[in-house]
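Participant: Okay, here's the structure, questions in a sec.
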Amino acid sequence: MRARLDEIVASALQQGSAVPAFTCYDFTTAMAVVSAAEESGRGVILLVAPKTAATPNGLRLITALRGLADAAAVPVSVQLDHASDLDVILAAVAAGADSVLADGSSLPYEDNIALVRQVRAELTARGRADVVLEAELGGLAGDEDRAFGEGAEGDAAGNDSIGLTDSAQVEDFVAQTGAQLLAVAVGNVHGKYKGKPELRWEVLQDIAVRTHIPLVLHGASGIPGEELVKAPAMNVGKVNFNTELRTGVLSTLETETAAHRADGENLQGLLARWNDSAKDFAASALAMLTR
Ligand SMILES: [Zn+2]
């Protein structure tokens with residue numbers, strides 16, 4: 001069943017768990033994620049990337065994911081991820097997204113606040129005050145949709161050049177934006193980590209005591225499970241996964257495509273392997289974050 005993102009997160013936190021959120025560029029992956037959630041009996045978040053949403057068929061994907069959420073046996077929410085373009089946000093909400101990350105984290109502090117407030121005002125003016133807003137404070141390095149190996153051209157930043165969330169701004173930022181969830185930068189990055197990820201737990205702890213709203217960890221791919229399980233205790237109620245899911249699906253396609261081509265151009269069979277790969281990853285993330 002479709003459920004509000006903040007309610008899915010709150011109920012997970014009450015049980016000492018966090019909810020995984022998975023970027024879905026396609027319907028096969030989304031079906032696999034929902035299947036894994038249904039088998040685990042846990043709620044889950046389907047994320048749509050802004051570059052996906054910015055196309056006419058991207059909006060149709062959102063509508064399809066919304067239908068998947070409605071039909072699911074567990075609570076599912078569809079969120080537009082990392083969006084700063086108001087037109088894209090409004091179109092995505094109209095298409096079926098029930099939550100948005102209004103992301104002004106690359107903007108100056110006051111402009112970040114202004115963006116979230118504007119998104120809230122525009123949604124309210126359209127009778128959509130029910131849309132749950134996540135905001136982001138601090139700059140996350142890396143590219144959400146593409147991951148590059150160490151030293152490769154295009155890699156946005158190393159782990160050492162990240163703008164950490166300034167905990168001193170948190171209280172004011174949450175009060176001024178009215179954000180319902182807060183994405184933080186505490187050593188997490190989008191894409192692949194250079195070397196071992198070093199999460200700054202002391203920064204996360206400092207943020208957690210300054211706001212009551214749930215925190216969100218983006219760029220969880222590559223952070224060891226034994227680290228991630230500590231996050232709900234610091235009010236991290238949602239953890240976003242993308243890169244590892246893509247890695248798994250791409251590896252599966254790489255090893256399975258030739259055999260399925262030889263097997264009578266068996267696209268159906270290949271999609272089943274795609275499903276298995278995405279579902280296995282989602283199941284492991286669900287298990288990792290669940291108490
Ligand atoms: Zn992200």
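Residue numbers start at 1 in each chain; chains themselves are named A, B, ... in the order of the structure tokens; ligands are numbered from 1 in the order shown.
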Please list as a list in words every residue within 8 Å of A:Leu215, counting only C-alpha atoms and excluding residues in the same chain fewer than 5 positions away.
Facilitator: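 After dropping sequence-adjacent residues, the list is Leu181, Leu182, Ala183, Val184, Ala208, Asn235, Val236, Gly237 and Lys238 of chain A.
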Participant: Go through the chains and note each residue within 8 Å of ligand 1, using only C-alpha atoms and all ligand atoms, then give the set as a PyMOL selection string.
Facilitator: chain A and resi 81-82+140+144+190+217-219+240
Participant: Could you dump the residues just selected with N, CA and C atoms as a CSV table (one decimal), in the first residue's frame?
Facilitator:
chain,number,residue,atom,x,y,z
A,81,ASP,N,14.0,12.4,-6.2
A,81,ASP,CA,15.3,12.6,-5.5
A,81,ASP,C,16.0,13.9,-6.0
A,82,HIS,N,16.7,14.5,-5.1
A,82,HIS,CA,17.6,15.6,-5.5
A,82,HIS,C,17.1,16.6,-6.5
A,140,LEU,N,27.1,17.0,-0.8
A,140,LEU,CA,27.6,15.6,-1.0
A,140,LEU,C,28.4,15.5,-2.2
A,144,GLU,N,25.2,11.5,-8.5
A,144,GLU,CA,24.2,10.5,-8.1
A,144,GLU,C,24.0,9.4,-9.1
A,190,HIS,N,28.2,10.3,-3.0
A,190,HIS,CA,27.5,9.6,-4.1
A,190,HIS,C,28.5,8.9,-4.9
A,217,LEU,N,20.7,9.4,5.2
A,217,LEU,CA,22.1,9.2,4.7
A,217,LEU,C,22.0,8.8,3.2
A,218,HIS,N,22.6,9.7,2.4
A,218,HIS,CA,22.7,9.3,0.9
A,218,HIS,C,24.1,8.7,0.7
A,219,GLY,N,24.2,8.0,-0.5
A,219,GLY,CA,25.5,7.5,-0.8
A,219,GLY,C,25.9,6.3,0.1
A,240,ASN,N,19.8,5.9,1.5
A,240,ASN,CA,19.7,5.8,0.1
A,240,ASN,C,20.7,5.0,-0.6
Participant: Residues of stretch 45-256 of chain A classed as alpha helix (DSSP H) by DSSP on the backbone are to be reported as JSON, numbers by chain.
Facilitator: {"A": [50, 51, 52, 53, 56, 57, 58, 59, 60, 61, 62, 63, 64, 65, 66, 67, 68, 69, 70, 71, 86, 87, 88, 89, 90, 91, 92, 93, 94, 95, 109, 110, 111, 112, 113, 114, 115, 116, 117, 118, 119, 120, 121, 122, 123, 124, 125, 167, 168, 169, 170, 171, 172, 173, 174, 175, 176, 177, 201, 202, 203, 204, 205, 206, 207, 208, 225, 226, 227, 228, 243, 244, 245, 246, 247, 248, 249, 250, 251, 252, 253, 254, 255, 256]}
Participant: Nearest to A:Glu244: which of A:Glu256, A:Asp26, A:Asp145, A:Glu265 is it, counting only C-alpha atoms?
Facilitator: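 Ranked by minimum distance to A:Glu244, first place goes to A:Asp145.
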Participant: Using only C-alpha atoms, which of the listed residues (A:Thr28, A:Ser77, A:Thr177, A:Ser251) sits closest to A:Val119?
Facilitator: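 Among A:Thr28, A:Ser77, A:Thr177, A:Ser251, it is A:Thr177 that comes nearest to A:Val119.
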Participant: I want to know what sits within 12 Å of stretch 168-171 of chain A, based on only C-alpha atoms, with residues of the same chain fewer than 2 positions away left out; could you give that as a PDB file with C-alpha atoms, in the first residue's frame?
Facilitator:
ATOM      1  CA  TYR A 109      22.698  28.728   2.836  1.00  0.00           C
ATOM      2  CA  GLU A 110      19.944  31.349   2.511  1.00  0.00           C
ATOM      3  CA  ASN A 112      18.914  26.655   0.056  1.00  0.00           C
ATOM      4  CA  ILE A 113      16.312  27.722   2.631  1.00  0.00           C
ATOM      5  CA  ALA A 135      15.942  18.986   2.424  1.00  0.00           C
ATOM      6  CA  GLU A 136      19.704  18.686   2.282  1.00  0.00           C
ATOM      7  CA  LEU A 137      22.293  20.642   4.230  1.00  0.00           C
ATOM      8  CA  GLY A 138      25.964  20.225   3.356  1.00  0.00           C
ATOM      9  CA  LEU A 164      30.270  18.380   5.866  1.00  0.00           C
ATOM     10  CA  THR A 165      26.931  19.488   7.243  1.00  0.00           C
ATOM     11  CA  ASP A 166      27.513  22.355   9.675  1.00  0.00           C
ATOM     12  CA  PHE A 173      17.638  25.370   8.789  1.00  0.00           C
ATOM     13  CA  VAL A 174      14.957  22.947   9.918  1.00  0.00           C
ATOM     14  CA  ALA A 175      12.910  25.711  11.548  1.00  0.00           C
ATOM     15  CA  GLN A 176      13.088  27.975   8.518  1.00  0.00           C
ATOM     16  CA  THR A 177      12.474  25.324   5.867  1.00  0.00           C
ATOM     17  CA  GLY A 178       9.911  23.208   7.701  1.00  0.00           C
ATOM     18  CA  ALA A 179      11.654  20.189   6.174  1.00  0.00           C
ATOM     19  CA  LEU A 181      13.547  14.947   6.783  1.00  0.00           C
ATOM     20  CA  LEU A 182      17.115  16.187   6.591  1.00  0.00           C
ATOM     21  CA  ALA A 183      19.783  14.728   4.306  1.00  0.00           C
ATOM     22  CA  VAL A 184      23.211  15.223   5.810  1.00  0.00           C
ATOM     23  CA  ALA A 185      26.803  15.112   4.614  1.00  0.00           C
ATOM     24  CA  VAL A 203      29.228  15.099  13.346  1.00  0.00           C
ATOM     25  CA  LEU A 204      26.146  12.923  12.892  1.00  0.00           C
ATOM     26  CA  ASP A 206      26.005  16.515  16.899  1.00  0.00           C
ATOM     27  CA  ILE A 207      23.353  16.972  14.185  1.00  0.00           C
ATOM     28  CA  ALA A 208      21.001  14.426  15.762  1.00  0.00           C
ATOM     29  CA  VAL A 209      20.826  16.280  19.078  1.00  0.00           C
ATOM     30  CA  ARG A 210      19.924  19.544  17.335  1.00  0.00           C
ATOM     31  CA  THR A 211      16.783  18.421  15.527  1.00  0.00           C
ATOM     32  CA  HIS A 212      13.972  15.978  16.112  1.00  0.00           C
ATOM     33  CA  ILE A 213      13.316  15.313  12.411  1.00  0.00           C
ATOM     34  CA  LEU A 215      18.051  12.273   9.177  1.00  0.00           C
TER      35      LEU A 215
END
